[in-house]
Amino acid sequence: RMQVDCPTCKGVGRYVPPELRCGGCGGSGLRMEEASVQIRVPQGVPDGHRAVLRGQGHRLPGTPVGDAVVVLQVLKHSRFDRLANDLSVELTVSLAEALSGCSVDLKHLDGRVLSLRSRPGKVIEPGSLWQISGEGLPIFGQPSTRGNLFLRFAVAFPRSIDPQ
């Protein structure tokens with residue numbers, strides 16, 4: 001929302017008896033209007049980033065239009081966690097996969113599918129962490145540089161095993 005000159009009294013705002021008062025602004029010289037603006041949100045923008053919209057703010061009679069300030073709030077993703085420019089995700093593998101190796105196809109935020117494979121003979125322990133360099137979020141102001149992606153592993157243990 002922003003303030004603009006009242007078109008009825010031209011922003012003068014002089015006192016007029018109530019029966020003759022401007023219906024658009026009530027004699028104040030200003031009225032509130034809804035305004036829609038589009039802003040471009042750069043990749044990697046941090047939570048709390050302030051975007052200044054020059055000339056889109058409030059205005060008082062006889063003064064230039066001010067600036068509007070938009071404070072961005074980054075929403076939490078359902079699967080990925082964010083820490084600055086790094087991403088982390090928890091993956092669950094079966095006990096057999098943890099012991100004998102596994103391959104995981106992970107759909108990234110940008111739609112790419114990362115095919116990840118454990119090293120042969122390497123056991124995945126519960127809580128272990130893999131780091132994949134350069135697969136995090138773009139660094140704000142440096143979109144060609146990215147943070148890291150961290151995979152946290154959980155191991156699903158069977159409730160029982162066949163004794164044979």
# chains A, B, ... in the order shown; residues from 1 in each chain; ligands from 1

call {"tool": "residues_around", "arguments": {"residues": "segment 78-92 of chain A", "least_positions_apart": "3", "cutoff": "8 Å", "atoms": "only C-alpha atoms", "output": "PDB file with N, CA and C atoms, in the first residue's frame"}}
result
ATOM      1  N   GLY A  44      19.907 -17.127  -3.974  1.00  0.00           N
ATOM      2  CA  GLY A  44      20.746 -17.162  -2.780  1.00  0.00           C
ATOM      3  C   GLY A  44      20.462 -16.047  -1.794  1.00  0.00           C
ATOM      4  N   PRO A  46      19.549 -13.991   1.287  1.00  0.00           N
ATOM      5  CA  PRO A  46      19.435 -14.450   2.676  1.00  0.00           C
ATOM      6  C   PRO A  46      18.114 -14.023   3.311  1.00  0.00           C
ATOM      7  N   GLY A 136      25.253 -26.648  -3.060  1.00  0.00           N
ATOM      8  CA  GLY A 136      24.354 -25.909  -2.180  1.00  0.00           C
ATOM      9  C   GLY A 136      23.678 -24.780  -2.946  1.00  0.00           C
ATOM     10  N   LEU A 137      23.316 -23.732  -2.223  1.00  0.00           N
ATOM     11  CA  LEU A 137      22.653 -22.584  -2.837  1.00  0.00           C
ATOM     12  C   LEU A 137      23.668 -21.641  -3.467  1.00  0.00           C
ATOM     13  N   PRO A 138      23.242 -20.899  -4.503  1.00  0.00           N
ATOM     14  CA  PRO A 138      24.130 -19.870  -5.059  1.00  0.00           C
ATOM     15  C   PRO A 138      24.441 -18.835  -3.975  1.00  0.00           C
ATOM     16  N   ILE A 139      25.651 -18.340  -3.980  1.00  0.00           N
ATOM     17  CA  ILE A 139      26.043 -17.324  -3.007  1.00  0.00           C
ATOM     18  C   ILE A 139      25.499 -15.986  -3.482  1.00  0.00           C
ATOM     19  N   ARG A 146      28.647 -21.610  -5.453  1.00  0.00           N
ATOM     20  CA  ARG A 146      27.606 -22.229  -4.642  1.00  0.00           C
ATOM     21  C   ARG A 146      28.181 -22.771  -3.345  1.00  0.00           C
ATOM     22  N   GLY A 147      27.283 -22.893  -2.369  1.00  0.00           N
ATOM     23  CA  GLY A 147      27.642 -23.542  -1.117  1.00  0.00           C
ATOM     24  C   GLY A 147      27.694 -25.053  -1.302  1.00  0.00           C
ATOM     25  N   ASN A 148      27.669 -25.776  -0.203  1.00  0.00           N
ATOM     26  CA  ASN A 148      27.785 -27.228  -0.233  1.00  0.00           C
ATOM     27  C   ASN A 148      26.461 -27.892   0.144  1.00  0.00           C
ATOM     28  N   LEU A 149      26.340 -29.140  -0.261  1.00  0.00           N
ATOM     29  CA  LEU A 149      25.189 -29.961   0.099  1.00  0.00           C
ATOM     30  C   LEU A 149      25.688 -31.042   1.059  1.00  0.00           C
ATOM     31  N   PHE A 150      24.999 -31.163   2.180  1.00  0.00           N
ATOM     32  CA  PHE A 150      25.350 -32.173   3.168  1.00  0.00           C
ATOM     33  C   PHE A 150      24.230 -33.207   3.245  1.00  0.00           C
ATOM     34  N   LEU A 151      24.606 -34.480   3.177  1.00  0.00           N
ATOM     35  CA  LEU A 151      23.651 -35.589   3.305  1.00  0.00           C
ATOM     36  C   LEU A 151      23.851 -36.204   4.679  1.00  0.00           C
ATOM     37  N   ARG A 152      22.787 -36.223   5.478  1.00  0.00           N
ATOM     38  CA  ARG A 152      22.806 -36.874   6.788  1.00  0.00           C
ATOM     39  C   ARG A 152      22.088 -38.204   6.638  1.00  0.00           C
ATOM     40  N   PHE A 153      22.724 -39.258   7.072  1.00  0.00           N
ATOM     41  CA  PHE A 153      22.143 -40.582   6.877  1.00  0.00           C
ATOM     42  C   PHE A 153      21.512 -41.129   8.143  1.00  0.00           C
ATOM     43  N   ALA A 154      20.334 -41.687   7.970  1.00  0.00           N
ATOM     44  CA  ALA A 154      19.668 -42.484   8.995  1.00  0.00           C
ATOM     45  C   ALA A 154      19.637 -43.907   8.453  1.00  0.00           C
ATOM     46  N   VAL A 155      19.763 -44.862   9.329  1.00  0.00           N
ATOM     47  CA  VAL A 155      19.733 -46.265   8.916  1.00  0.00           C
ATOM     48  C   VAL A 155      18.487 -46.907   9.516  1.00  0.00           C
ATOM     49  N   ALA A 156      17.671 -47.497   8.651  1.00  0.00           N
ATOM     50  CA  ALA A 156      16.446 -48.172   9.097  1.00  0.00           C
ATOM     51  C   ALA A 156      16.802 -49.609   9.470  1.00  0.00           C
TER      52      ALA A 156
END

call {"tool": "select_by_dssp", "arguments": {"residues": "chain A", "states": "alpha helix (DSSP H)", "output": "list in words"}}
result
Leu95, Ala96, Glu97, Ala98, Leu99 and Ser100 of chain A

call {"tool": "write_last_selection", "arguments": {"atoms": "C-alpha atoms", "output": "mmCIF file, in the first residue's frame"}}
result
data_model
loop_
_atom_site.group_PDB
_atom_site.id
_atom_site.type_symbol
_atom_site.label_atom_id
_atom_site.label_comp_id
_atom_site.auth_asym_id
_atom_site.auth_seq_id
_atom_site.Cartn_x
_atom_site.Cartn_y
_atom_site.Cartn_z
ATOM 1 C CA LEU A 95 20.591 -51.761 7.034
ATOM 2 C CA ALA A 96 21.535 -53.905 4.018
ATOM 3 C CA GLU A 97 22.307 -50.754 1.974
ATOM 4 C CA ALA A 98 24.282 -49.270 4.865
ATOM 5 C CA LEU A 99 26.448 -52.403 5.091
ATOM 6 C CA SER A 100 26.836 -53.333 1.441
#

call {"tool": "closest_residue", "arguments": {"among": "A:Ser118, A:Ser94, A:Gln43, A:Ser103", "to": "Phe140 of chain A", "atoms": "only C-alpha atoms"}}
result
A:Gln43

call {"tool": "select_by_dssp", "arguments": {"residues": "segment 8-128 of chain A", "states": "strand (DSSP E)", "output": "number ranges by chain"}}
result
A: 30-33, 50-53, 68-71, 81-83, 86-94, 103-107, 113-117

call {"tool": "closest_residue", "arguments": {"among": "A:Gln142, A:Leu72, A:Arg40, A:Asp5", "to": "His58 of chain A", "atoms": "only C-alpha atoms"}}
result
A:Asp5

call {"tool": "residues_around", "arguments": {"residues": "Arg54 of chain A", "least_positions_apart": "6", "cutoff": "8 Å", "atoms": "only C-alpha atoms", "output": "PyMOL selection string"}}
result
chain A and resi 66-68

call {"tool": "write_last_selection", "arguments": {"atoms": "C-alpha atoms", "output": "mmCIF file, in the first residue's frame"}}
result
data_model
loop_
_atom_site.group_PDB
_atom_site.id
_atom_site.type_symbol
_atom_site.label_atom_id
_atom_site.label_comp_id
_atom_site.auth_asym_id
_atom_site.auth_seq_id
_atom_site.Cartn_x
_atom_site.Cartn_y
_atom_site.Cartn_z
ATOM 1 C CA GLY A 66 9.438 8.010 -0.580
ATOM 2 C CA ASP A 67 10.889 4.549 -0.967
ATOM 3 C CA ALA A 68 9.209 1.297 0.014
#

call {"tool": "residues_around", "arguments": {"residues": "Gln73 of chain A", "least_positions_apart": "5", "cutoff": "10 Å", "atoms": "only C-alpha atoms", "output": "MDAnalysis selection string"}}
result
chainID A and resid 45:50

call {"tool": "decode", "arguments": {"residues": "segment 117-159 of chain A", "atoms": "C-alpha atoms", "output": "JSON list (two decimals), in the first residue's frame"}}
result
[["chain", "number", "residue", "atom", "x", "y", "z"],
["A", 117, "ARG", "CA", 26.80, -43.86, -4.76],
["A", 118, "SER", "CA", 28.64, -45.04, -1.68],
["A", 119, "ARG", "CA", 32.17, -46.31, -2.09],
["A", 120, "PRO", "CA", 32.44, -50.11, -2.27],
["A", 121, "GLY", "CA", 33.24, -51.55, 1.14],
["A", 122, "LYS", "CA", 32.40, -48.30, 2.93],
["A", 123, "VAL", "CA", 29.80, -48.75, 5.69],
["A", 124, "ILE", "CA", 27.29, -45.96, 6.20],
["A", 125, "GLU", "CA", 26.89, -45.42, 9.92],
["A", 126, "PRO", "CA", 23.74, -43.85, 11.41],
["A", 127, "GLY", "CA", 24.27, -40.09, 11.58],
["A", 128, "SER", "CA", 27.14, -40.09, 9.08],
["A", 129, "LEU", "CA", 27.52, -37.02, 6.90],
["A", 130, "TRP", "CA", 28.56, -36.69, 3.26],
["A", 131, "GLN", "CA", 29.60, -33.36, 1.82],
["A", 132, "ILE", "CA", 29.06, -32.60, -1.86],
["A", 133, "SER", "CA", 30.96, -29.44, -2.73],
["A", 134, "GLY", "CA", 29.32, -26.84, -4.93],
["A", 135, "GLU", "CA", 25.80, -28.33, -4.74],
["A", 136, "GLY", "CA", 24.35, -25.91, -2.18],
["A", 137, "LEU", "CA", 22.65, -22.58, -2.84],
["A", 138, "PRO", "CA", 24.13, -19.87, -5.06],
["A", 139, "ILE", "CA", 26.04, -17.32, -3.01],
["A", 140, "PHE", "CA", 24.15, -14.03, -2.93],
["A", 141, "GLY", "CA", 25.84, -11.60, -5.30],
["A", 142, "GLN", "CA", 28.00, -14.40, -6.79],
["A", 143, "PRO", "CA", 25.49, -16.71, -8.50],
["A", 144, "SER", "CA", 28.17, -18.81, -10.20],
["A", 145, "THR", "CA", 29.59, -19.82, -6.78],
["A", 146, "ARG", "CA", 27.61, -22.23, -4.64],
["A", 147, "GLY", "CA", 27.64, -23.54, -1.12],
["A", 148, "ASN", "CA", 27.79, -27.23, -0.23],
["A", 149, "LEU", "CA", 25.19, -29.96, 0.10],
["A", 150, "PHE", "CA", 25.35, -32.17, 3.17],
["A", 151, "LEU", "CA", 23.65, -35.59, 3.31],
["A", 152, "ARG", "CA", 22.81, -36.87, 6.79],
["A", 153, "PHE", "CA", 22.14, -40.58, 6.88],
["A", 154, "ALA", "CA", 19.67, -42.48, 8.99],
["A", 155, "VAL", "CA", 19.73, -46.27, 8.92],
["A", 156, "ALA", "CA", 16.45, -48.17, 9.10],
["A", 157, "PHE", "CA", 17.00, -51.26, 11.22],
["A", 158, "PRO", "CA", 14.68, -54.24, 10.78],
["A", 159, "ARG", "CA", 12.38, -55.03, 13.70]]
